[in-house]
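Trainee: You'll find structure_2.cif just under this line, and it carries mmCIF, C-alpha atoms (C1' of nucleotides).
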```cif
data_upload
#
loop_
_atom_site.label_atom_id
_atom_site.label_comp_id
_atom_site.auth_asym_id
_atom_site.auth_seq_id
_atom_site.Cartn_x
_atom_site.Cartn_y
_atom_site.Cartn_z
CA MET Q 136 -24.64 9.97 18.14
CA ALA Q 137 -25.50 8.09 21.28
CA LYS Q 138 -26.76 5.25 19.16
CA ARG Q 139 -23.39 4.77 17.60
CA ALA Q 140 -21.86 4.31 21.02
CA ALA Q 141 -24.67 1.98 21.99
CA ILE Q 142 -24.10 -0.23 18.98
CA ARG Q 143 -20.41 -0.31 19.72
CA GLY Q 144 -21.08 -1.27 23.30
CA VAL Q 145 -23.29 -4.14 22.25
CA ALA Q 146 -20.73 -5.25 19.69
CA ILE Q 147 -17.84 -5.28 22.12
CA ARG Q 148 -19.78 -7.17 24.71
CA LEU Q 149 -20.92 -9.69 22.14
CA ALA Q 150 -17.38 -10.24 20.88
CA LEU Q 151 -16.19 -10.70 24.43
CA ASP Q 152 -18.96 -13.10 25.37
CA GLU Q 153 -19.34 -15.18 22.25
CA GLY Q 154 -16.00 -14.71 20.57
CA LEU Q 155 -14.93 -12.42 17.80
CA ASP Q 156 -16.02 -14.87 15.12
CA ALA Q 157 -19.54 -14.95 16.43
CA ALA Q 158 -19.79 -11.20 16.34
CA THR Q 159 -20.98 -10.93 12.75
CA VAL Q 160 -22.82 -7.90 11.53
CA ASP Q 161 -26.02 -9.90 11.64
CA ALA Q 162 -25.44 -10.94 15.22
CA ILE Q 163 -24.44 -7.49 16.37
CA SER Q 164 -27.45 -5.95 14.69
CA ALA Q 165 -29.80 -8.46 16.23
CA ALA Q 166 -28.34 -7.82 19.66
CA ALA Q 167 -28.59 -4.08 19.16
CA ASP Q 168 -32.13 -4.28 17.81
CA ILE Q 169 -31.42 -2.73 14.50
CA SER Q 170 -31.33 -4.10 11.01
CA PRO Q 171 -28.01 -5.11 9.50
CA ARG Q 172 -28.54 -2.39 6.94
CA THR Q 173 -28.72 0.17 9.70
CA PHE Q 174 -25.47 -1.05 11.14
CA PHE Q 175 -23.74 0.19 8.03
CA ASN Q 176 -25.40 3.56 8.39
CA TYR Q 177 -23.43 4.02 11.57
CA PHE Q 178 -20.19 2.27 10.72
CA PRO Q 179 -18.69 2.38 7.25
CA SER Q 180 -17.12 -0.99 7.84
CA LYS Q 181 -17.42 -3.70 10.41
CA ASP Q 182 -13.84 -3.19 11.60
CA ASP Q 183 -14.71 0.32 12.63
CA VAL Q 184 -16.94 -0.89 15.39
CA PHE Q 185 -13.90 -2.34 17.15
CA SER Q 186 -11.58 0.53 16.33
CA ILE Q 187 -10.38 2.90 18.96
CA GLU Q 188 -10.56 5.82 16.57
CA PRO Q 189 -7.62 7.70 17.89
CA HIS Q 190 -8.16 10.38 15.29
CA GLN Q 191 -10.83 12.75 16.31
CA TRP Q 192 -9.04 15.50 14.46
CA SER Q 193 -8.98 16.35 10.81
CA THR Q 194 -5.87 16.95 8.77
CA GLU Q 195 -7.06 20.50 8.11
CA GLU Q 196 -7.31 21.30 11.81
CA ILE Q 197 -3.88 19.92 12.48
CA ILE Q 198 -2.28 21.85 9.67
CA ALA Q 199 -4.03 24.99 10.82
CA GLU Q 200 -2.64 24.36 14.28
CA LEU Q 201 0.85 24.12 12.87
CA LYS Q 202 0.43 27.25 10.81
CA ALA Q 203 -0.72 29.12 13.90
CA ARG Q 204 2.60 28.55 15.62
CA PRO Q 205 5.03 31.48 15.62
CA ALA Q 206 7.21 31.48 12.56
CA ASP Q 207 10.45 31.67 14.53
CA GLU Q 208 9.66 28.74 16.81
CA ALA Q 209 11.91 25.72 16.53
CA PRO Q 210 10.16 23.14 14.34
CA VAL Q 211 10.41 20.49 16.99
CA GLU Q 212 8.62 22.73 19.47
CA SER Q 213 5.90 23.42 16.94
CA MET Q 214 5.45 19.71 16.49
CA ARG Q 215 5.33 19.24 20.22
CA ALA Q 216 2.46 21.67 20.37
CA VAL Q 217 0.67 20.08 17.44
CA VAL Q 218 1.00 16.58 18.80
CA LYS Q 219 -0.36 17.75 22.12
CA VAL Q 220 -3.46 18.95 20.38
CA MET Q 221 -3.80 15.57 18.72
CA ALA Q 222 -3.31 13.86 22.04
CA GLU Q 223 -6.11 15.86 23.59
CA ALA Q 224 -8.46 14.99 20.79
CA ALA Q 225 -7.26 11.43 20.83
CA GLY Q 226 -9.98 10.11 22.69
CA PHE Q 227 -9.86 7.30 25.03
CA ALA Q 228 -12.15 9.72 26.76
CA ASN Q 229 -14.73 9.05 24.10
CA PHE Q 230 -14.91 5.48 25.19
CA ALA Q 231 -15.07 6.00 28.89
CA GLU Q 232 -17.54 3.28 29.61
CA GLU Q 233 -16.42 0.67 27.13
CA TRP Q 234 -12.76 1.36 27.37
CA GLU Q 235 -11.95 -1.46 29.77
CA LEU Q 236 -13.89 -3.93 27.71
CA LEU Q 237 -12.29 -2.82 24.49
CA GLN Q 238 -8.89 -3.14 26.05
CA GLU Q 239 -9.66 -6.71 27.01
CA LEU Q 240 -10.83 -7.42 23.48
CA TYR Q 241 -7.58 -6.07 22.08
CA ARG Q 242 -5.66 -8.19 24.51
CA ARG Q 243 -7.41 -11.29 23.24
CA HIS Q 244 -7.27 -10.31 19.59
CA PRO Q 245 -4.16 -8.31 18.82
CA GLU Q 246 -4.92 -8.62 15.12
CA LEU Q 247 -7.57 -5.97 15.60
CA PHE Q 248 -4.77 -3.43 15.82
CA GLY Q 249 -3.93 -4.18 12.25
CA LYS Q 250 -7.45 -3.54 11.11
CA MET Q 251 -7.59 -0.03 12.39
CA ARG Q 252 -7.96 2.51 9.67
CA VAL Q 253 -4.66 4.25 9.27
CA ASP Q 254 -5.30 6.01 5.99
CA LYS Q 255 -5.88 9.32 7.65
CA VAL Q 256 -2.69 9.20 9.64
CA ASP Q 257 -0.63 8.80 6.48
CA ILE Q 258 -2.37 11.72 4.86
CA THR Q 259 -1.82 13.89 7.91
CA ILE Q 260 1.82 12.92 8.10
CA ALA Q 261 2.36 13.81 4.46
CA ALA Q 262 0.69 17.19 4.95
CA LEU Q 263 2.70 17.93 8.07
CA VAL Q 264 5.94 17.03 6.35
CA LYS Q 265 5.11 19.39 3.53
CA GLU Q 266 4.30 22.21 5.92
CA ILE Q 267 7.39 21.70 8.06
CA ALA Q 268 9.52 21.66 4.94
CA ALA Q 269 7.95 24.93 3.83
CA ARG Q 270 8.63 26.47 7.22
CA THR Q 271 12.24 25.42 7.28
CA GLY Q 272 12.76 26.20 3.64
CA THR Q 273 13.98 22.70 2.87
CA ASP Q 274 13.06 20.21 0.20
CA PRO Q 275 11.61 17.13 1.90
CA ALA Q 276 12.76 15.02 -1.04
CA ILE Q 277 16.35 15.87 -0.24
CA ASP Q 278 16.49 16.77 3.43
CA LEU Q 279 15.48 14.03 5.83
CA TYR Q 280 14.73 16.40 8.68
CA PRO Q 281 11.08 17.26 8.01
CA GLY Q 282 10.08 13.66 7.42
CA LEU Q 283 12.03 12.40 10.36
CA LEU Q 284 10.70 15.07 12.68
CA VAL Q 285 7.08 14.35 11.85
CA ASN Q 286 7.45 10.60 11.96
CA ALA Q 287 9.38 10.78 15.20
CA ALA Q 288 6.68 13.02 16.66
CA PHE Q 289 4.11 10.37 15.87
CA ALA Q 290 6.43 7.80 17.40
CA ALA Q 291 6.47 9.92 20.54
CA LEU Q 292 2.69 10.13 20.54
CA GLN Q 293 2.37 6.40 20.13
CA THR Q 294 4.87 5.67 22.88
CA ALA Q 295 3.33 8.15 25.26
CA GLU Q 296 -0.15 6.86 24.61
CA ASN Q 297 0.92 3.32 25.30
CA ALA Q 298 2.65 4.30 28.51
CA SER Q 299 -0.32 6.36 29.58
CA ARG Q 300 -2.68 3.47 29.01
CA ILE Q 301 -0.52 1.02 30.89
CA SER Q 302 0.61 3.13 33.80
CA ASP Q 303 -2.20 5.64 34.22
CA ARG Q 304 0.09 8.62 34.04
CA ALA Q 305 -0.98 11.85 32.40
CA LEU Q 306 -0.54 11.81 28.64
CA PRO Q 307 0.67 15.41 28.25
CA ASP Q 308 3.47 14.87 30.77
CA LEU Q 309 4.58 11.69 29.07
CA LEU Q 310 4.49 13.43 25.74
CA ASP Q 311 6.74 16.13 27.12
CA ASN Q 312 9.14 13.52 28.41
CA ALA Q 313 9.20 11.79 25.06
CA PHE Q 314 9.82 15.02 23.21
CA ASP Q 315 12.58 15.97 25.61
CA LEU Q 316 14.26 12.67 24.86
CA LEU Q 317 13.95 13.26 21.15
CA ILE Q 318 15.36 16.76 21.42
CA ARG Q 319 18.23 15.74 23.61
CA GLY Q 320 19.01 12.82 21.34
CA LEU Q 321 18.54 9.13 21.82
CA MET F 293 7.31 -18.59 -6.12
CA ALA F 294 7.61 -17.17 -9.59
CA LYS F 295 3.91 -17.70 -10.06
CA ARG F 296 3.11 -15.44 -7.19
CA ALA F 297 5.07 -12.65 -8.79
CA ALA F 298 3.41 -13.38 -12.11
CA ILE F 299 -0.05 -13.10 -10.62
CA ARG F 300 0.92 -9.87 -8.93
CA GLY F 301 2.24 -8.50 -12.20
CA VAL F 302 -0.99 -9.31 -13.98
CA ALA F 303 -3.02 -7.82 -11.16
CA ILE F 304 -1.11 -4.54 -11.09
CA ARG F 305 -1.33 -4.14 -14.83
CA LEU F 306 -5.03 -4.89 -14.78
CA ALA F 307 -5.68 -2.36 -12.03
CA LEU F 308 -3.70 0.23 -13.95
CA ASP F 309 -5.43 -0.46 -17.25
CA GLU F 310 -9.01 -1.02 -16.18
CA GLY F 311 -9.12 0.70 -12.83
CA LEU F 312 -8.86 -0.67 -9.34
CA ASP F 313 -12.55 -1.45 -9.16
CA ALA F 314 -12.39 -3.63 -12.20
CA ALA F 315 -9.53 -5.64 -10.76
CA THR F 316 -11.68 -8.15 -8.90
CA VAL F 317 -10.34 -11.51 -7.90
CA ASP F 318 -12.33 -13.05 -10.73
CA ALA F 319 -10.89 -10.64 -13.27
CA ILE F 320 -7.33 -11.02 -12.02
CA SER F 321 -7.62 -14.79 -12.02
CA ALA F 322 -9.01 -14.84 -15.53
CA ALA F 323 -6.20 -12.59 -16.74
CA ALA F 324 -3.63 -14.76 -15.00
CA ASP F 325 -5.13 -17.98 -16.28
CA ILE F 326 -5.83 -19.49 -12.95
CA SER F 327 -9.03 -20.18 -11.08
CA PRO F 328 -10.20 -17.71 -8.47
CA ARG F 329 -9.73 -20.41 -5.90
CA THR F 330 -6.07 -20.67 -6.82
CA PHE F 331 -5.64 -16.96 -6.38
CA PHE F 332 -6.30 -17.45 -2.70
CA ASN F 333 -3.72 -20.19 -2.54
CA TYR F 334 -1.11 -17.58 -3.35
CA PHE F 335 -2.50 -14.55 -1.56
CA PRO F 336 -4.29 -14.80 1.76
CA SER F 337 -6.31 -11.75 0.88
CA LYS F 338 -6.89 -9.66 -2.17
CA ASP F 339 -5.22 -6.63 -0.63
CA ASP F 340 -1.99 -8.55 -0.40
CA VAL F 341 -1.62 -8.62 -4.14
CA PHE F 342 -1.22 -4.85 -4.13
CA SER F 343 0.90 -4.69 -0.98
CA ILE F 344 4.53 -3.81 -1.10
CA GLU F 345 5.26 -6.33 1.63
CA PRO F 346 7.95 -4.43 3.39
CA HIS F 347 8.32 -7.26 5.83
CA GLN F 348 10.37 -10.02 4.42
CA TRP F 349 11.71 -10.70 7.87
CA SER F 350 10.19 -12.51 10.79
CA THR F 351 9.99 -11.16 14.29
CA GLU F 352 12.14 -14.06 15.44
CA GLU F 353 14.95 -13.17 13.05
CA ILE F 354 14.87 -9.57 14.08
CA ILE F 355 14.99 -10.35 17.75
CA ALA F 356 17.83 -12.77 17.15
CA GLU F 357 19.64 -10.01 15.32
CA LEU F 358 19.23 -7.72 18.29
CA LYS F 359 20.39 -10.38 20.72
CA ALA F 360 23.47 -10.95 18.61
CA ARG F 361 24.66 -7.39 19.17
CA PRO F 362 27.39 -6.89 21.79
CA ALA F 363 25.96 -6.37 25.22
CA ASP F 364 27.86 -3.17 25.85
CA GLU F 365 26.77 -1.48 22.63
CA ALA F 366 24.64 1.63 22.96
CA PRO F 367 21.01 0.62 22.44
CA VAL F 368 20.55 3.14 19.70
CA GLU F 369 23.47 1.64 17.79
CA SER F 370 22.02 -1.82 18.20
CA MET F 371 18.76 -0.57 16.78
CA ARG F 372 20.60 1.05 13.92
CA ALA F 373 22.10 -2.31 13.04
CA VAL F 374 18.79 -4.11 13.41
CA VAL F 375 16.93 -1.63 11.26
CA LYS F 376 19.58 -1.94 8.60
CA VAL F 377 18.93 -5.64 8.43
CA MET F 378 15.23 -4.94 8.04
CA ALA F 379 15.97 -2.39 5.34
CA GLU F 380 17.96 -4.93 3.41
CA ALA F 381 15.21 -7.48 3.60
CA ALA F 382 12.64 -4.82 2.92
CA GLY F 383 12.26 -5.57 -0.55
CA PHE F 384 11.62 -3.10 -3.17
CA ALA F 385 14.25 -5.32 -4.67
CA ASN F 386 11.72 -8.10 -4.74
CA PHE F 387 9.56 -6.08 -7.04
CA ALA F 388 12.20 -4.96 -9.47
CA GLU F 389 10.13 -5.33 -12.57
CA GLU F 390 6.76 -4.21 -11.26
CA TRP F 391 8.03 -1.53 -8.96
CA GLU F 392 7.41 1.37 -11.29
CA LEU F 393 3.92 0.18 -12.04
CA LEU F 394 3.09 -0.37 -8.42
CA GLN F 395 4.30 3.08 -7.59
CA GLU F 396 1.99 4.53 -10.20
CA LEU F 397 -0.89 2.53 -8.74
CA TYR F 398 -0.16 3.87 -5.29
CA ARG F 399 -0.06 7.36 -6.68
CA ARG F 400 -3.52 6.92 -8.13
CA HIS F 401 -4.93 5.11 -5.11
CA PRO F 402 -3.35 6.29 -1.90
CA GLU F 403 -5.93 4.35 0.05
CA LEU F 404 -3.99 1.22 -0.77
CA PHE F 405 -1.41 2.30 1.77
CA GLY F 406 -4.02 1.89 4.45
CA LYS F 407 -4.76 -1.64 3.41
CA MET F 408 -1.29 -2.89 3.88
CA ARG F 409 -1.00 -5.45 6.57
CA VAL F 410 0.68 -3.89 9.52
CA ASP F 411 -0.09 -6.52 12.12
CA LYS F 412 3.38 -7.93 12.01
CA VAL F 413 5.05 -4.59 12.52
CA ASP F 414 3.19 -4.04 15.75
CA ILE F 415 4.18 -7.44 17.02
CA THR F 416 7.79 -6.86 16.09
CA ILE F 417 7.81 -3.47 17.76
CA ALA F 418 6.43 -4.92 20.95
CA ALA F 419 9.06 -7.65 20.94
CA LEU F 420 11.86 -5.21 20.28
CA VAL F 421 10.72 -2.92 23.07
CA LYS F 422 10.72 -5.83 25.46
CA GLU F 423 14.20 -6.86 24.43
CA ILE F 424 15.64 -3.34 24.59
CA ALA F 425 14.12 -2.91 28.02
CA ALA F 426 15.75 -6.14 29.14
CA ARG F 427 19.09 -4.99 27.80
CA THR F 428 18.94 -1.64 29.49
CA GLY F 429 17.48 -3.05 32.65
CA THR F 430 14.49 -0.74 32.55
CA ASP F 431 10.79 -1.32 32.86
CA PRO F 432 9.14 -0.29 29.60
CA ALA F 433 5.93 0.46 31.49
CA ILE F 434 7.73 3.17 33.41
CA ASP F 435 10.64 4.32 31.30
CA LEU F 436 9.75 5.78 27.92
CA TYR F 437 13.16 5.19 26.45
CA PRO F 438 12.79 1.67 25.07
CA GLY F 439 9.45 2.37 23.44
CA LEU F 440 10.57 5.67 22.06
CA LEU F 441 13.81 4.27 20.72
CA VAL F 442 12.12 1.45 18.85
CA ASN F 443 9.31 3.58 17.51
CA ALA F 444 11.74 6.28 16.47
CA ALA F 445 13.88 3.68 14.74
CA PHE F 446 10.88 2.63 12.70
CA ALA F 447 10.19 6.29 11.98
CA ALA F 448 13.74 6.55 10.67
CA LEU F 449 13.23 3.50 8.51
CA GLN F 450 10.01 4.88 7.12
CA THR F 451 11.52 8.28 6.39
CA ALA F 452 14.62 6.84 4.80
CA GLU F 453 12.59 4.46 2.66
CA ASN F 454 10.42 7.27 1.41
CA ALA F 455 13.39 9.42 0.61
CA SER F 456 15.13 6.55 -1.11
CA ARG F 457 12.10 5.88 -3.25
CA ILE F 458 11.70 9.50 -4.25
CA SER F 459 15.28 10.50 -4.76
CA ASP F 460 16.98 7.27 -5.74
CA ARG F 461 19.61 7.56 -3.07
CA ALA F 462 20.98 4.50 -1.29
CA LEU F 463 18.78 3.37 1.57
CA PRO F 464 21.59 2.43 3.99
CA ASP F 465 23.17 5.88 3.70
CA LEU F 466 19.87 7.61 4.28
CA LEU F 467 19.22 5.38 7.25
CA ASP F 468 22.56 6.37 8.71
CA ASN F 469 21.73 10.02 8.22
CA ALA F 470 18.37 9.58 9.89
CA PHE F 471 19.91 7.77 12.82
CA ASP F 472 22.57 10.42 13.19
CA LEU F 473 19.86 13.03 13.40
CA LEU F 474 18.03 11.02 16.04
CA ILE F 475 21.18 10.54 18.07
CA ARG F 476 22.22 14.15 17.87
CA GLY F 477 18.71 15.27 18.75
CA LEU F 478 16.01 16.87 16.68
"C1'" DT R 153 -55.96 18.78 13.22
"C1'" DG R 154 -53.90 18.20 8.83
"C1'" DC R 155 -50.22 18.71 5.82
"C1'" DA R 156 -45.52 19.12 4.23
"C1'" DT R 157 -40.79 18.40 5.12
"C1'" DG R 158 -36.91 16.12 6.31
"C1'" DT R 159 -34.56 12.37 8.70
"C1'" DC R 160 -33.94 7.54 10.08
"C1'" DT R 161 -34.65 2.88 9.25
"C1'" DT R 162 -35.46 -1.01 6.64
"C1'" DG R 163 -35.82 -4.78 2.93
"C1'" DC R 164 -34.09 -6.42 -1.09
"C1'" DA R 165 -31.10 -7.60 -4.66
"C1'" DG R 166 -26.63 -8.17 -6.03
"C1'" DA R 167 -21.53 -7.91 -6.21
"C1'" DG R 168 -17.50 -9.16 -4.11
"C1'" DT R 169 -14.23 -11.54 -0.67
"C1'" DC R 170 -12.83 -15.64 1.46
"C1'" DT R 171 -13.01 -20.67 3.44
"C1'" DG R 172 -13.37 -25.77 3.75
"C1'" DC R 173 -13.63 -29.80 1.38
"C1'" DA R 174 -13.02 -33.31 -1.85
"C1'" DA R 175 -12.07 -34.50 -6.51
"C1'" DA R 176 -8.97 -34.13 -10.42
"C1'" DC R 177 -4.72 -33.23 -12.20
"C1'" DT R 178 0.66 -32.84 -12.22
"C1'" DT R 179 5.00 -33.69 -10.74
"C1'" DT R 180 8.60 -36.39 -8.77
"C1'" DG R 181 11.33 -40.18 -7.55
"C1'" DC R 182 11.96 -44.86 -7.74
"C1'" DG J 291 5.11 -47.55 -15.10
"C1'" DC J 292 3.57 -46.54 -10.53
"C1'" DA J 293 2.94 -44.63 -6.00
"C1'" DA J 294 3.37 -40.59 -3.17
"C1'" DA J 295 3.19 -35.84 -2.81
"C1'" DG J 296 1.94 -31.55 -4.18
"C1'" DT J 297 -1.16 -28.31 -6.97
"C1'" DT J 298 -5.17 -26.78 -8.96
"C1'" DT J 299 -9.91 -26.61 -9.33
"C1'" DG J 300 -15.16 -26.57 -8.62
"C1'" DC J 301 -18.60 -26.07 -5.50
"C1'" DA J 302 -21.27 -24.62 -1.74
"C1'" DG J 303 -21.77 -21.39 1.61
"C1'" DA J 304 -20.81 -17.62 4.99
"C1'" DC J 305 -19.90 -13.01 5.35
"C1'" DT J 306 -19.16 -7.89 4.22
"C1'" DC J 307 -20.80 -4.06 1.94
"C1'" DT J 308 -23.59 -0.92 -1.54
"C1'" DG J 309 -27.44 1.33 -4.03
"C1'" DC J 310 -32.02 2.06 -4.22
"C1'" DA J 311 -36.62 2.79 -3.07
"C1'" DA J 312 -40.20 2.27 0.25
"C1'" DG J 313 -41.81 2.83 4.78
"C1'" DA J 314 -41.82 4.85 9.56
"C1'" DC J 315 -41.18 8.71 12.37
"C1'" DA J 316 -40.58 13.32 13.94
"C1'" DT J 317 -41.00 18.36 13.31
"C1'" DG J 318 -42.87 22.61 12.41
"C1'" DC J 319 -46.36 25.36 10.72
"C1'" DA J 320 -51.01 26.84 9.10
#
```
Would it be possible to restate this file's structure as structure tokens?
Mentor:
Amino acid sequence: MAKRAAIRGVAIRLALDEGLDAATVDAISAAADISPRTFFNYFPSKDDVFSIEPHQWSTEEIIAELKARPADEAPVESMRAVVKVMAEAAGFANFAEEWELLQELYRRHPELFGKMRVDKVDITIAALVKEIAARTGTDPAIDLYPGLLVNAAFAALQTAENASRISDRALPDLLDNAFDLLIRGL
Amino acid sequence: MAKRAAIRGVAIRLALDEGLDAATVDAISAAADISPRTFFNYFPSKDDVFSIEPHQWSTEEIIAELKARPADEAPVESMRAVVKVMAEAAGFANFAEEWELLQELYRRHPELFGKMRVDKVDITIAALVKEIAARTGTDPAIDLYPGLLVNAAFAALQTAENASRISDRALPDLLDNAFDLLIRGL
DNA sequence: TGCATGTCTTGCAGAGTCTGCAAACTTTGC
DNA sequence: GCAAAGTTTGCAGACTCTGCAAGACATGCA
């Protein structure tokens, strides 16, 4: 899918040069030498072209990852491992070339954050909560622990990703630090 | 804004009766006896009519709340207090009548979760992180603690809200439980 | 080469969301 | 009763997105 990346590159540059408003599907398509119809063959919605797509994983993979952890491992350590897998797949790497530009675009238009598709994250969280609850033999409707653990793990991921982006430190290390803080207690 | 609530009520019922696809702005407006143009006077976007609007607070209020906490209080306790204020304002209460219906709609169309406006939350989180960092005299670009604390606090809010919705327990109590877990360590 | 197959791209028509503007209508206070 | 202020509406138009069917292109094989 090199073309997908190419279209995205054109789109980001256009938005940066002419303003986000000017970057309509028509304009992007013209600049990328494709028809507007084709644009939608590559991106299900316009917002997706400016999305960082942090989710290169599928819920199934992630759940499988969790299930593969030893049964007697502490749940928080299992989540640490799972989140690390997500972090690896969570690809700023996939943007290499455009990453700087996209970052600038986000700086100018913070509202783009809000347009990122988050559906999948919610679904994954729900599935993880269910699985953690099964592992610990608790009812997630009664016990807060599974829900809190999973949500806090995502909070750690988010925090570590931010820090990694800003300060250029290695994501896995930061994730470990964040998890250590969570385990020790805030 | 009783009319706003009335429009929302009509919209939810329509989506439940005829399906989400059938609940176009035109259809909703017709059912609510207003013009489509008027619909947009009450809701900036169609998605908003099906949004639970968990954010009845403004970032300014929340920051003021944090600043009002004693300077020598542990940051995590300050956040606990702040999140409690958000929880109070976070109005399922505002939906009283339609709440059951909306819940059913969300059950049938989980994708609606993804359409909720989350812009404001991100902005609030960023502001809170900055303020916590200032209070603790740390640089949020280096130290993970402020970011993790704030994100984890929102995780606690989310978890407690979910649990409260499912099990009908009091939100403030659940929030306290969640915070206790975070403080003690996962 | 010629044909068959499958994939990628495109045009078109149409539904739906959302905005700006100005006119019409209501409400309110005096 | 009237003026000011606020609300509602129609209209025109830009934009996103979808389904469908036709066309272009590539691939492999006889």
Trainee: Evaluating the PyMOL selection byres ((chain F and resi 371) around 10) on the displayed file yields which residues, as a PDB file with C-alpha atoms, in the coordinates of the input?
Mentor:
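For reference, part-v4.pdb as written:
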```pdb
ATOM      1  CA  GLU F 357      19.640 -10.010  15.320  1.00  0.00           C
ATOM      2  CA  LEU F 358      19.230  -7.720  18.290  1.00  0.00           C
ATOM      3  CA  ARG F 361      24.660  -7.390  19.170  1.00  0.00           C
ATOM      4  CA  GLU F 365      26.770  -1.480  22.630  1.00  0.00           C
ATOM      5  CA  ALA F 366      24.640   1.630  22.960  1.00  0.00           C
ATOM      6  CA  PRO F 367      21.010   0.620  22.440  1.00  0.00           C
ATOM      7  CA  VAL F 368      20.550   3.140  19.700  1.00  0.00           C
ATOM      8  CA  GLU F 369      23.470   1.640  17.790  1.00  0.00           C
ATOM      9  CA  SER F 370      22.020  -1.820  18.200  1.00  0.00           C
ATOM     10  CA  ARG F 372      20.600   1.050  13.920  1.00  0.00           C
ATOM     11  CA  ALA F 373      22.100  -2.310  13.040  1.00  0.00           C
ATOM     12  CA  VAL F 374      18.790  -4.110  13.410  1.00  0.00           C
ATOM     13  CA  VAL F 375      16.930  -1.630  11.260  1.00  0.00           C
ATOM     14  CA  LYS F 376      19.580  -1.940   8.600  1.00  0.00           C
ATOM     15  CA  VAL F 377      18.930  -5.640   8.430  1.00  0.00           C
ATOM     16  CA  LEU F 420      11.860  -5.210  20.280  1.00  0.00           C
ATOM     17  CA  ILE F 424      15.640  -3.340  24.590  1.00  0.00           C
ATOM     18  CA  LEU F 441      13.810   4.270  20.720  1.00  0.00           C
ATOM     19  CA  VAL F 442      12.120   1.450  18.850  1.00  0.00           C
ATOM     20  CA  ALA F 444      11.740   6.280  16.470  1.00  0.00           C
ATOM     21  CA  ALA F 445      13.880   3.680  14.740  1.00  0.00           C
ATOM     22  CA  PHE F 446      10.880   2.630  12.700  1.00  0.00           C
ATOM     23  CA  PHE F 471      19.910   7.770  12.820  1.00  0.00           C
TER      24      PHE F 471
END
```
Trainee: What would the selection look like, as a list of chain:residue names, if the PyMOL selection byres ((chain J) within 9 of (chain F)) were run on the coordinates I just shared?
Mentor: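 The output of the PyMOL selection byres ((chain J) within 9 of (chain F)) on this file is J:DT298, J:DT299, J:DG300.
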Trainee: Show me the residues around (-50.6, 23.2, 8.7) - criterion: an atom at most 7 Å away, all atoms listed in the file counted - as an NGL selection string.
Mentor: (:R and (154-155)) or (:J and (319-320))
Trainee: Would you list which chain F residues are within 12 Å of chain R using all atoms listed in the file, as a PyMOL selection string?
Mentor: chain F and resi 313-319+328-333+335-339
Trainee: Restricting the output to C-alpha atoms, write the selected residues as a PDB file, keeping the file's coordinate frame.
Mentor:
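Below is the file that was written, selection_39.pdb:
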```
ATOM      1  CA  ASP F 313     -12.550  -1.450  -9.160  1.00  0.00           C
ATOM      2  CA  ALA F 314     -12.390  -3.630 -12.200  1.00  0.00           C
ATOM      3  CA  ALA F 315      -9.530  -5.640 -10.760  1.00  0.00           C
ATOM      4  CA  THR F 316     -11.680  -8.150  -8.900  1.00  0.00           C
ATOM      5  CA  VAL F 317     -10.340 -11.510  -7.900  1.00  0.00           C
ATOM      6  CA  ASP F 318     -12.330 -13.050 -10.730  1.00  0.00           C
ATOM      7  CA  ALA F 319     -10.890 -10.640 -13.270  1.00  0.00           C
ATOM      8  CA  PRO F 328     -10.200 -17.710  -8.470  1.00  0.00           C
ATOM      9  CA  ARG F 329      -9.730 -20.410  -5.900  1.00  0.00           C
ATOM     10  CA  THR F 330      -6.070 -20.670  -6.820  1.00  0.00           C
ATOM     11  CA  PHE F 331      -5.640 -16.960  -6.380  1.00  0.00           C
ATOM     12  CA  PHE F 332      -6.300 -17.450  -2.700  1.00  0.00           C
ATOM     13  CA  ASN F 333      -3.720 -20.190  -2.540  1.00  0.00           C
ATOM     14  CA  PHE F 335      -2.500 -14.550  -1.560  1.00  0.00           C
ATOM     15  CA  PRO F 336      -4.290 -14.800   1.760  1.00  0.00           C
ATOM     16  CA  SER F 337      -6.310 -11.750   0.880  1.00  0.00           C
ATOM     17  CA  LYS F 338      -6.890  -9.660  -2.170  1.00  0.00           C
ATOM     18  CA  ASP F 339      -5.220  -6.630  -0.630  1.00  0.00           C
TER      19      ASP F 339
END
```
Trainee: Can you spell out as a PyMOL selection string the set of residues that the PyMOL selection byres ((chain Q) within 6 of (chain F)) selects in the structure I just provided?
Mentor: chain Q and resi 249+253-254+276+282-283+286-287+290+294+298+317-321
Trainee: Pick from F:Ala363, F:Leu308, F:Ala303, F:Ala418: nearest to F:Ala323, with all atoms listed in the file counted?
Mentor: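 Of F:Ala363, F:Leu308, F:Ala303, F:Ala418, the one nearest F:Ala323 is F:Ala303, counting all atoms listed in the file.
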Trainee: Let me have the centre and edge lengths in Å, one decimal, of the box along x, y and z around every listed atom of stretch 425-438 of chain F with 8 Å of margin on each side, as lines of an AutoDock Vina configuration file.
Mentor:
```
center_x = 12.5
center_y = -0.2
center_z = 29.2
size_x = 29.2
size_y = 27.9
size_z = 24.3
```
Trainee: To one decimal place, how far is atom CA of Q:Val184 from atom CA of Q:Glu239 in Å?
Mentor: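 Going from atom CA of Q:Val184 over to atom CA of Q:Glu239 covers 14.9 Å.
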